[in-house]
Amino acid sequence: MSGLSLHKRLENNAGLLVFGILVVSSIGGLVQIIPSLTQESLKTPIGNTQVYGALELVGRDIYVREGCSVCHSQQIRPLLAEVKRYGPYSRAGEFVYDRPFLWGSKRTGPDLHRIGGKYSDTWQKVHLINPRSVVENSIMPGYPWLAVRPASSTGNIQANLRALQRLGDPYTDADILEAPAKLEGLMEVDALVAYLQQLGTGFDNSMADNHGAEH
Amino acid sequence: MNGTRTNTDTGPLLLRVLFRPKETFEDLSRAEPSPYRIFFKYLVWFALLPPMFAYIGGSRYGWDLGAANPLILAEIQLRIVSMLYFFVLLTAFVSTAFASQWMSETYGARKSLGVHMAMVTILAVPMTVGSVVHLYPHVFINLLVFIPVLIWAMYLLYVGLPVALNIEPEKGMLMASSLVGWLLVGFVTLLGVTVALWTEGLGPSIGA
Amino acid sequence: MSENQQIIANEYYHDGVVRFLVVCSMLWAVLGMGAGVYVAAELIWPEIDFGQFWLSFGRLRPLHTNAIIFGFGVSALMATAFYSVQRTCHVPLPTLRLAWVTAMLWQICVLSGGLSLLAGMNSGKEYAELEWPFDIAIAIVWISFGVVFFSTIACRRIKPIYISNWFYGGLIIVIAMLHVVNSLVMPATLLKSYPVYAGAQDAIVQWWYGHNAVGFLLTGGFLGMLYYFLPKLADRPIWSYKLSVVAFWSFTYAYIWAGPHHLHYNSIPDWVQNLGMVMSLILLAPSWATMINGIMTVSSASEKLRTDPALKFIVLSLAFYGLATFEGPMMAIKSVNAVSHFTDWTIGHVHSGALGWNALIVFGTFYYLVPRLVDAKLYSVRLANIHFWLALAGTMLYVLSMWGAGVSQGLLWLSLDEFGEPSFSFKDIMASMPPYYMLRLLGGFTFFLGTLLMIFNLVMTMKGRPTVRVRPPKITATGEAQ
């Protein structure tokens, strides 16, 4: 059995075994990841999709920090009931500036991809501080600390923007310089609400018939 | 020991298992029941209970999945679902008896199909009798009853299998675990197949 | 051959570090499972975070997952890897100091990482939440883990490398690859970074990582544990060598492709989704090949086998392994996934694996290992048997309640009324979940209770007893062990 005798050689040689494992386990990743890194439709923004402004970016960073993705998805699937409930299904081109992606893997709360503009700023603020004051049986935790922490304390907005700029996101040096001013006088809750209110607004109706070039 | 009455008639056995499990299994270990007799005289009737209760509960109250009002299925759909339930149960019970018999070679257990059939029937008793809860078809209440019932049935399996099939305790434990694996996989397959068919359009419509 | 004939005086296996890692693993079990029970309770009574950020669900949940996977799981894997690699190579760990450094540094990484999560340092990527300073630290410790492990293999006194070592080796190599590629970020500050990938690309990379963390850490590594400890317990060799070879390589090849099944109907290319689905189905074969190998090994066990709680746990873990590795491919089918994605069914699936397979096999292994480490009898077989039933009941409660909740959610979310509109509001559907969550909490708590019993049992077994010193066997001129 030449197959097994070949294997006997692998078993007797640690180096070969390590090499074998590395080669065999890299194939799948190479095939699935490399094309996605080069595919234009996954990197090109569609509709009105834009980079996050300073305040919205702070809001997004808060969303990540508090683990909102653990209960809320941002990915509307092309299933009829889902589209009826949440709006047009999500296209890859809407997420090109999302670092990291926040599609989520669990809905303990509703999908948020097109939550932008659906509720007033005030509603959003009140809901974030104490969800049960506006949604009776909600099991969402409250985030009272967001109301008392300034948006400028969340992190170093200029350093953050510079990092994103280095990664290729279209921020100008002027954007980075003006960023702290945009946060002045605002609390973390304002930032988070600003982020939520722009979610899904990159979509415009011209995209409705285009099922996304990603297929 | 001379004074002990050994009753190998399966009927009273099924009731006695609820109160005297150890004794029941010991009696079974000495019995040589006919698989056909077990199937037609007992298993079929026990398997009839859950679909019957589900049908009555479903038509009287509708199935309550918890959100909003209970779902009333169309009469014909309810009938089809109940009949499918019956056939699925029978298939599950009979196939488990055969699977168990197939495993007996490996574990040195008794090979008589009748004994395996009787074992399965005994294990089915808590579930099928417990299915009376289907009369009020609220999913959660049913879960509340079925989970302890299932745990009880698994306990009977672990305790009874080595005794009834004349295997040593260690091998009995191994065989019982294999059967648990078989049952879990079978159940999850059923779950998946049902869901897959349902999303492809083959299943009751549950719009309000 | 002269090296083989040398008997080095006073040479013993280094099991002190094994004992240390076992104890750490048990401590993480308490923390990780305790956190799990707490977050399960928070899903019913959200007020129990008392308005404190460090008790907030969104921060406690990653603490739970990290403590279990990297604390409980990896410590158990390191312990058993160090224990078994020495014995399968017939040589003590050649880099003992590095082994201790690895073990201790790992605990520090996980502990400080966990605290950082509570403080709000979070990369936003599941099972890779720790920020970049921790990523670097973990990578360094992981490399030293690899050095300890592979140097032992390089110094082995038996030529063939036993199969458990292939799996542990796979664990080390593949996790290193996954970690490095998925953690590529541009740091902004010490506490914050952004991934080099964005949007759909990030999603594909993340789930290539996430699924294979399950595949090579939670499955592969633990299969290494199985392949060593099961034959020991059953006092038999593995049933089929050929099957293990085929299973190992097809497992290592196929698992990597399955990641996209986490992204069905999401905005990634269809071909990637379909590839992920097909490979997930193919993966069933190598997974079950290993399970069958395990079951057949134990089924042909010697008649002299005493009823051993350790064996009970490992055998039951195989049944749940079969369940989880069957349910996974099934949920990877798109039409099933349309119902299961985003629901509690996924949570149920995860925990049938985490509780039923991972935790149970660790328990069985520890019941076997700890008495041997101190050359004593297990403190109480009766407690171990009670633990068995608590673990089984807890797992069943957890999984069944989550199946109930998940399938309800999935079907109700998709249901349309006669006007083509959603039949039920999201709010109403989720408002019916608390009863299921109560059952799940009961299940998790029951499981936790059983774990505490085990820890008590094992601590009492180990207390006051030194780690016993075991010599590697002498190898004769013909290469046989004496």
# chains A, B, ... in the order shown; residues from 1 in each chain; ligands from 1
$ residues_around --residues "range 167-174 of chain B" --least-positions-apart "6" --cutoff "7 Å" --atoms "only C-alpha atoms" --output "short mmCIF file (atom, residue, chain, number, x, y, z; two decimals) with N, CA, C and O atoms, in the first residue's frame"
data_model
loop_
_atom_site.label_atom_id
_atom_site.label_comp_id
_atom_site.auth_asym_id
_atom_site.auth_seq_id
_atom_site.Cartn_x
_atom_site.Cartn_y
_atom_site.Cartn_z
N TYR B 107 -21.47 -5.49 21.51
CA TYR B 107 -21.43 -5.38 22.96
C TYR B 107 -21.75 -6.68 23.68
O TYR B 107 -21.84 -6.71 24.91
N GLY B 108 -21.96 -7.77 22.90
CA GLY B 108 -22.24 -9.05 23.54
C GLY B 108 -23.60 -9.09 24.21
O GLY B 108 -23.78 -9.73 25.25
N ALA B 109 -24.57 -8.41 23.61
CA ALA B 109 -25.91 -8.39 24.21
C ALA B 109 -26.77 -9.48 23.59
O ALA B 109 -26.43 -10.06 22.56
N TYR B 158 -30.00 3.75 30.68
CA TYR B 158 -28.70 3.42 31.26
C TYR B 158 -28.82 2.33 32.32
O TYR B 158 -27.96 1.47 32.44
N LEU B 161 -30.69 -1.20 30.30
CA LEU B 161 -30.12 -1.90 29.14
C LEU B 161 -29.20 -3.05 29.54
O LEU B 161 -29.35 -4.16 29.05
N SER C 299 -15.58 -0.13 22.49
CA SER C 299 -16.53 -1.25 22.51
C SER C 299 -15.83 -2.58 22.57
O SER C 299 -16.39 -3.56 23.05
N THR C 307 -15.98 -0.29 36.19
CA THR C 307 -16.83 0.85 35.92
C THR C 307 -16.12 2.10 36.40
O THR C 307 -15.83 2.26 37.57
N VAL C 315 -17.18 8.47 26.90
CA VAL C 315 -18.08 7.80 25.96
C VAL C 315 -19.29 8.68 25.65
O VAL C 315 -19.69 8.80 24.49
#
$ interface_residues --of "chain B" --to "chain C" --cutoff "10 Å" --atoms "only C-alpha atoms" --output "VMD selection string"
chain B and resid 65 to 69 103 106 to 108 139 to 144 146 to 148 150 to 152 154 to 155 168 to 189 191 to 200 205 to 208
$ residues_around --residues "Pro131 in chain A" --least-positions-apart "5" --cutoff "7 Å" --atoms "only C-alpha atoms" --output "ChimeraX atom specification"
/A:138,140,142
$ residues_around --residues "His351 in chain C" --least-positions-apart "5" --cutoff "8 Å" --atoms "only C-alpha atoms" --output "number ranges by chain"
C: 356, 395, 398-399
$ write_last_selection --atoms "all heavy atoms" --output "PDB file, in the first residue's frame"
ATOM      1  N   GLY C 356     -21.540  19.200  25.770  1.00  0.00           N
ATOM      2  CA  GLY C 356     -21.641  17.763  25.547  1.00  0.00           C
ATOM      3  C   GLY C 356     -20.340  17.115  25.092  1.00  0.00           C
ATOM      4  O   GLY C 356     -20.034  15.997  25.483  1.00  0.00           O
ATOM      5  N   THR C 395     -26.878  19.495  30.152  1.00  0.00           N
ATOM      6  CA  THR C 395     -26.707  19.622  28.706  1.00  0.00           C
ATOM      7  C   THR C 395     -28.027  19.448  27.967  1.00  0.00           C
ATOM      8  O   THR C 395     -28.367  20.218  27.066  1.00  0.00           O
ATOM      9  CB  THR C 395     -25.692  18.586  28.190  1.00  0.00           C
ATOM     10  OG1 THR C 395     -24.499  18.688  28.954  1.00  0.00           O
ATOM     11  CG2 THR C 395     -25.373  18.810  26.727  1.00  0.00           C
ATOM     12  N   TYR C 398     -30.254  22.450  28.417  1.00  0.00           N
ATOM     13  CA  TYR C 398     -29.744  23.588  27.644  1.00  0.00           C
ATOM     14  C   TYR C 398     -30.093  23.432  26.172  1.00  0.00           C
ATOM     15  O   TYR C 398     -30.682  24.319  25.552  1.00  0.00           O
ATOM     16  CB  TYR C 398     -28.218  23.689  27.823  1.00  0.00           C
ATOM     17  CG  TYR C 398     -27.672  25.028  27.413  1.00  0.00           C
ATOM     18  CD1 TYR C 398     -27.163  25.905  28.370  1.00  0.00           C
ATOM     19  CD2 TYR C 398     -27.675  25.447  26.083  1.00  0.00           C
ATOM     20  CE1 TYR C 398     -26.673  27.143  28.013  1.00  0.00           C
ATOM     21  CE2 TYR C 398     -27.197  26.689  25.720  1.00  0.00           C
ATOM     22  CZ  TYR C 398     -26.700  27.536  26.677  1.00  0.00           C
ATOM     23  OH  TYR C 398     -26.222  28.771  26.324  1.00  0.00           O
ATOM     24  N   VAL C 399     -29.724  22.285  25.630  1.00  0.00           N
ATOM     25  CA  VAL C 399     -29.872  22.090  24.187  1.00  0.00           C
ATOM     26  C   VAL C 399     -31.341  22.058  23.776  1.00  0.00           C
ATOM     27  O   VAL C 399     -31.752  22.708  22.809  1.00  0.00           O
ATOM     28  CB  VAL C 399     -29.158  20.785  23.774  1.00  0.00           C
ATOM     29  CG1 VAL C 399     -29.467  20.428  22.356  1.00  0.00           C
ATOM     30  CG2 VAL C 399     -27.665  20.940  23.969  1.00  0.00           C
TER      31      VAL C 399
END
$ closest_atom_pairs --of "chain C" --to "chain A" --cutoff "7 Å" --atoms "only C-alpha atoms" --output "Markdown table"
| residue | atom | partner | partner_atom | distance |
| --- | --- | --- | --- | --- |
| C:Leu43 | CA | A:Ile139 | CA | 6.1 |
| C:Ile44 | CA | A:Ile139 | CA | 6.7 |
| C:Trp45 | CA | A:Ile139 | CA | 6.9 |
| C:Pro46 | CA | A:Ile139 | CA | 5.4 |
| C:Gly51 | CA | A:Gly142 | CA | 6.7 |
| C:Ser56 | CA | A:Pro141 | CA | 6.8 |
| C:Phe57 | CA | A:Pro141 | CA | 6.9 |
| C:Gly58 | CA | A:Gly67 | CA | 4.1 |
| C:Arg59 | CA | A:Gly67 | CA | 6.0 |
| C:Gly120 | CA | A:Arg65 | CA | 5.1 |
| C:Met121 | CA | A:Arg65 | CA | 6.4 |
| C:Asn122 | CA | A:Arg65 | CA | 5.4 |
| C:Gly124 | CA | A:Val64 | CA | 5.2 |
| C:Ile153 | CA | A:Ala14 | CA | 6.9 |
| C:Ala154 | CA | A:Ala14 | CA | 6.6 |
| C:Lys159 | CA | A:Asn12 | CA | 5.4 |
| C:Pro160 | CA | A:Asn12 | CA | 4.5 |
| C:Ile161 | CA | A:Glu11 | CA | 5.1 |
| C:Gly170 | CA | A:Ile21 | CA | 6.3 |
| C:Ile173 | CA | A:Leu22 | CA | 6.8 |
| C:Val174 | CA | A:Ser25 | CA | 6.9 |
| C:Met186 | CA | A:Ala163 | CA | 6.0 |
| C:Pro187 | CA | A:Ala163 | CA | 6.6 |
| C:Ala188 | CA | A:Asn160 | CA | 5.0 |
| C:Thr189 | CA | A:Ala159 | CA | 6.6 |
| C:Tyr194 | CA | A:Arg99 | CA | 5.8 |
| C:Pro195 | CA | A:Arg99 | CA | 5.7 |
| C:Val196 | CA | A:Leu167 | CA | 6.4 |
| C:Tyr197 | CA | A:Arg99 | CA | 6.8 |
| C:Ala198 | CA | A:Arg99 | CA | 4.9 |
| C:Gly199 | CA | A:Phe95 | CA | 4.5 |
| C:Ala200 | CA | A:Ala92 | CA | 5.9 |
| C:Gln201 | CA | A:Ser36 | CA | 5.9 |
| C:Asp202 | CA | A:Phe101 | CA | 6.1 |
| C:Ala203 | CA | A:Phe101 | CA | 6.2 |
| C:Ile204 | CA | A:Ile33 | CA | 6.7 |
| C:Val205 | CA | A:Ile33 | CA | 6.5 |
| C:Trp208 | CA | A:Gly29 | CA | 6.8 |
| C:Thr252 | CA | A:Ser25 | CA | 5.8 |
| C:Tyr253 | CA | A:Ser25 | CA | 5.4 |
| C:Ile256 | CA | A:Gly28 | CA | 5.4 |
| C:Trp257 | CA | A:Gly28 | CA | 4.9 |
| C:Tyr265 | CA | A:Arg77 | CA | 5.4 |
| C:Asn266 | CA | A:Arg77 | CA | 5.8 |
| C:Ser267 | CA | A:Ala92 | CA | 5.0 |
| C:Ile268 | CA | A:Glu214 | CA | 6.4 |
| C:Pro269 | CA | A:His215 | CA | 4.9 |
| C:Asp270 | CA | A:His215 | CA | 5.5 |
| C:Val272 | CA | A:Gln32 | CA | 6.5 |
| C:Phe342 | CA | A:Lys106 | CA | 3.9 |
| C:Thr343 | CA | A:Lys106 | CA | 6.0 |
| C:Leu414 | CA | A:Ala81 | CA | 5.1 |
| C:Ser415 | CA | A:Ala81 | CA | 6.7 |
| C:Leu416 | CA | A:Ala81 | CA | 6.4 |
| C:Glu421 | CA | A:Lys84 | CA | 6.5 |
| C:Pro422 | CA | A:Ala81 | CA | 6.0 |
| C:Phe426 | CA | A:Pro110 | CA | 6.8 |
| C:Ala431 | CA | A:Asn137 | CA | 6.4 |
$ select_by_dssp --residues "range 368-477 of chain C" --states "helix (DSSP H, G or I)" --output "PyMOL selection string"
chain C and resi 368-374+381-414+426-431+434-462
$ residues_around --residues "Phe203 in chain A" --least-positions-apart "2" --cutoff "8 Å" --atoms "only C-alpha atoms" --output "VMD selection string"
chain A and resid 46 to 49 94 200 to 201 205 207
$ residues_around --residues "Tyr36 in chain B" --least-positions-apart "4" --cutoff "10 Å" --atoms "only C-alpha atoms" --output "number ranges by chain"
B: 40-43, 113-114, 117
$ write_last_selection --atoms "C-alpha atoms" --output "mmCIF file, in the first residue's frame"
data_model
loop_
_atom_site.group_PDB
_atom_site.id
_atom_site.type_symbol
_atom_site.label_atom_id
_atom_site.label_comp_id
_atom_site.auth_asym_id
_atom_site.auth_seq_id
_atom_site.Cartn_x
_atom_site.Cartn_y
_atom_site.Cartn_z
ATOM 1 C CA PHE B 40 -48.961 -4.929 17.493
ATOM 2 C CA LYS B 41 -50.157 -5.393 21.043
ATOM 3 C CA TYR B 42 -48.316 -2.506 22.691
ATOM 4 C CA LEU B 43 -45.962 -0.317 20.636
ATOM 5 C CA LEU B 113 -35.403 -8.727 18.332
ATOM 6 C CA GLY B 114 -38.316 -9.149 20.691
ATOM 7 C CA MET B 117 -38.488 -4.175 20.797
#
$ residues_around --residues "range 52-54 of chain A" --least-positions-apart "3" --cutoff "9 Å" --atoms "only C-alpha atoms" --output "list of chain:residue names"
A:Leu57, A:Val58, A:Gly59, A:Arg60, A:Tyr97, A:Asp98, A:Ile157, A:Gln158, A:Leu161, A:Asp175, A:Ile176, A:Glu178, A:Ala179, A:Pro180, A:Lys182, A:Leu183, A:Ala191, A:Tyr195
$ write_last_selection --atoms "N, CA, C and O atoms" --output "PDB file, in the first residue's frame"
ATOM      1  N   LEU A  57     -17.914  57.955  13.886  1.00  0.00           N
ATOM      2  CA  LEU A  57     -16.880  56.959  14.144  1.00  0.00           C
ATOM      3  C   LEU A  57     -16.759  56.692  15.637  1.00  0.00           C
ATOM      4  O   LEU A  57     -16.636  55.538  16.071  1.00  0.00           O
ATOM      5  N   VAL A  58     -16.812  57.757  16.419  1.00  0.00           N
ATOM      6  CA  VAL A  58     -16.784  57.585  17.876  1.00  0.00           C
ATOM      7  C   VAL A  58     -17.962  56.710  18.296  1.00  0.00           C
ATOM      8  O   VAL A  58     -17.825  55.777  19.098  1.00  0.00           O
ATOM      9  N   GLY A  59     -19.123  57.011  17.713  1.00  0.00           N
ATOM     10  CA  GLY A  59     -20.312  56.213  18.022  1.00  0.00           C
ATOM     11  C   GLY A  59     -20.114  54.749  17.674  1.00  0.00           C
ATOM     12  O   GLY A  59     -20.492  53.852  18.431  1.00  0.00           O
ATOM     13  N   ARG A  60     -19.492  54.509  16.537  1.00  0.00           N
ATOM     14  CA  ARG A  60     -19.257  53.123  16.106  1.00  0.00           C
ATOM     15  C   ARG A  60     -18.306  52.419  17.056  1.00  0.00           C
ATOM     16  O   ARG A  60     -18.497  51.258  17.413  1.00  0.00           O
ATOM     17  N   TYR A  97     -16.447  50.569   4.364  1.00  0.00           N
ATOM     18  CA  TYR A  97     -15.645  51.321   5.344  1.00  0.00           C
ATOM     19  C   TYR A  97     -15.820  50.756   6.747  1.00  0.00           C
ATOM     20  O   TYR A  97     -15.472  51.391   7.736  1.00  0.00           O
ATOM     21  N   ASP A  98     -16.431  49.567   6.840  1.00  0.00           N
ATOM     22  CA  ASP A  98     -16.710  48.985   8.154  1.00  0.00           C
ATOM     23  C   ASP A  98     -15.513  48.182   8.653  1.00  0.00           C
ATOM     24  O   ASP A  98     -15.262  47.076   8.200  1.00  0.00           O
ATOM     25  N   ILE A 157      -9.467  60.452  18.843  1.00  0.00           N
ATOM     26  CA  ILE A 157     -10.126  60.466  17.538  1.00  0.00           C
ATOM     27  C   ILE A 157      -9.130  60.737  16.400  1.00  0.00           C
ATOM     28  O   ILE A 157      -9.236  60.151  15.316  1.00  0.00           O
ATOM     29  N   GLN A 158      -8.142  61.565  16.669  1.00  0.00           N
ATOM     30  CA  GLN A 158      -7.202  61.862  15.578  1.00  0.00           C
ATOM     31  C   GLN A 158      -6.334  60.650  15.265  1.00  0.00           C
ATOM     32  O   GLN A 158      -6.068  60.331  14.104  1.00  0.00           O
ATOM     33  N   LEU A 161      -8.487  58.218  13.311  1.00  0.00           N
ATOM     34  CA  LEU A 161      -8.690  58.588  11.915  1.00  0.00           C
ATOM     35  C   LEU A 161      -7.414  58.394  11.101  1.00  0.00           C
ATOM     36  O   LEU A 161      -7.444  57.987   9.947  1.00  0.00           O
ATOM     37  N   ASP A 175      -9.780  66.637   7.501  1.00  0.00           N
ATOM     38  CA  ASP A 175     -10.764  65.895   8.307  1.00  0.00           C
ATOM     39  C   ASP A 175     -10.187  65.586   9.679  1.00  0.00           C
ATOM     40  O   ASP A 175     -10.852  65.751  10.698  1.00  0.00           O
ATOM     41  N   ILE A 176      -8.939  65.122   9.661  1.00  0.00           N
ATOM     42  CA  ILE A 176      -8.331  64.696  10.925  1.00  0.00           C
ATOM     43  C   ILE A 176      -8.112  65.899  11.844  1.00  0.00           C
ATOM     44  O   ILE A 176      -8.352  65.832  13.051  1.00  0.00           O
ATOM     45  N   GLU A 178      -9.831  68.698  11.908  1.00  0.00           N
ATOM     46  CA  GLU A 178     -11.086  69.283  12.392  1.00  0.00           C
ATOM     47  C   GLU A 178     -11.862  68.342  13.297  1.00  0.00           C
ATOM     48  O   GLU A 178     -12.876  68.751  13.870  1.00  0.00           O
ATOM     49  N   ALA A 179     -11.429  67.096  13.380  1.00  0.00           N
ATOM     50  CA  ALA A 179     -12.239  66.096  14.089  1.00  0.00           C
ATOM     51  C   ALA A 179     -12.558  66.442  15.539  1.00  0.00           C
ATOM     52  O   ALA A 179     -13.721  66.359  15.941  1.00  0.00           O
ATOM     53  N   PRO A 180     -11.578  66.827  16.378  1.00  0.00           N
ATOM     54  CA  PRO A 180     -11.917  67.069  17.797  1.00  0.00           C
ATOM     55  C   PRO A 180     -13.002  68.121  17.961  1.00  0.00           C
ATOM     56  O   PRO A 180     -13.824  68.030  18.868  1.00  0.00           O
ATOM     57  N   LYS A 182     -15.527  68.556  16.187  1.00  0.00           N
ATOM     58  CA  LYS A 182     -16.838  67.962  15.947  1.00  0.00           C
ATOM     59  C   LYS A 182     -17.388  67.267  17.182  1.00  0.00           C
ATOM     60  O   LYS A 182     -18.585  67.010  17.278  1.00  0.00           O
ATOM     61  N   LEU A 183     -16.495  66.917  18.138  1.00  0.00           N
ATOM     62  CA  LEU A 183     -16.941  66.187  19.314  1.00  0.00           C
ATOM     63  C   LEU A 183     -17.213  67.104  20.495  1.00  0.00           C
ATOM     64  O   LEU A 183     -17.743  66.665  21.518  1.00  0.00           O
ATOM     65  N   ALA A 191     -22.833  60.563  20.296  1.00  0.00           N
ATOM     66  CA  ALA A 191     -22.030  59.926  19.243  1.00  0.00           C
ATOM     67  C   ALA A 191     -22.685  58.642  18.773  1.00  0.00           C
ATOM     68  O   ALA A 191     -22.811  58.383  17.565  1.00  0.00           O
ATOM     69  N   TYR A 195     -24.189  57.665  15.097  1.00  0.00           N
ATOM     70  CA  TYR A 195     -23.831  56.464  14.335  1.00  0.00           C
ATOM     71  C   TYR A 195     -25.079  55.693  13.916  1.00  0.00           C
ATOM     72  O   TYR A 195     -25.237  55.307  12.746  1.00  0.00           O
TER      73      TYR A 195
END
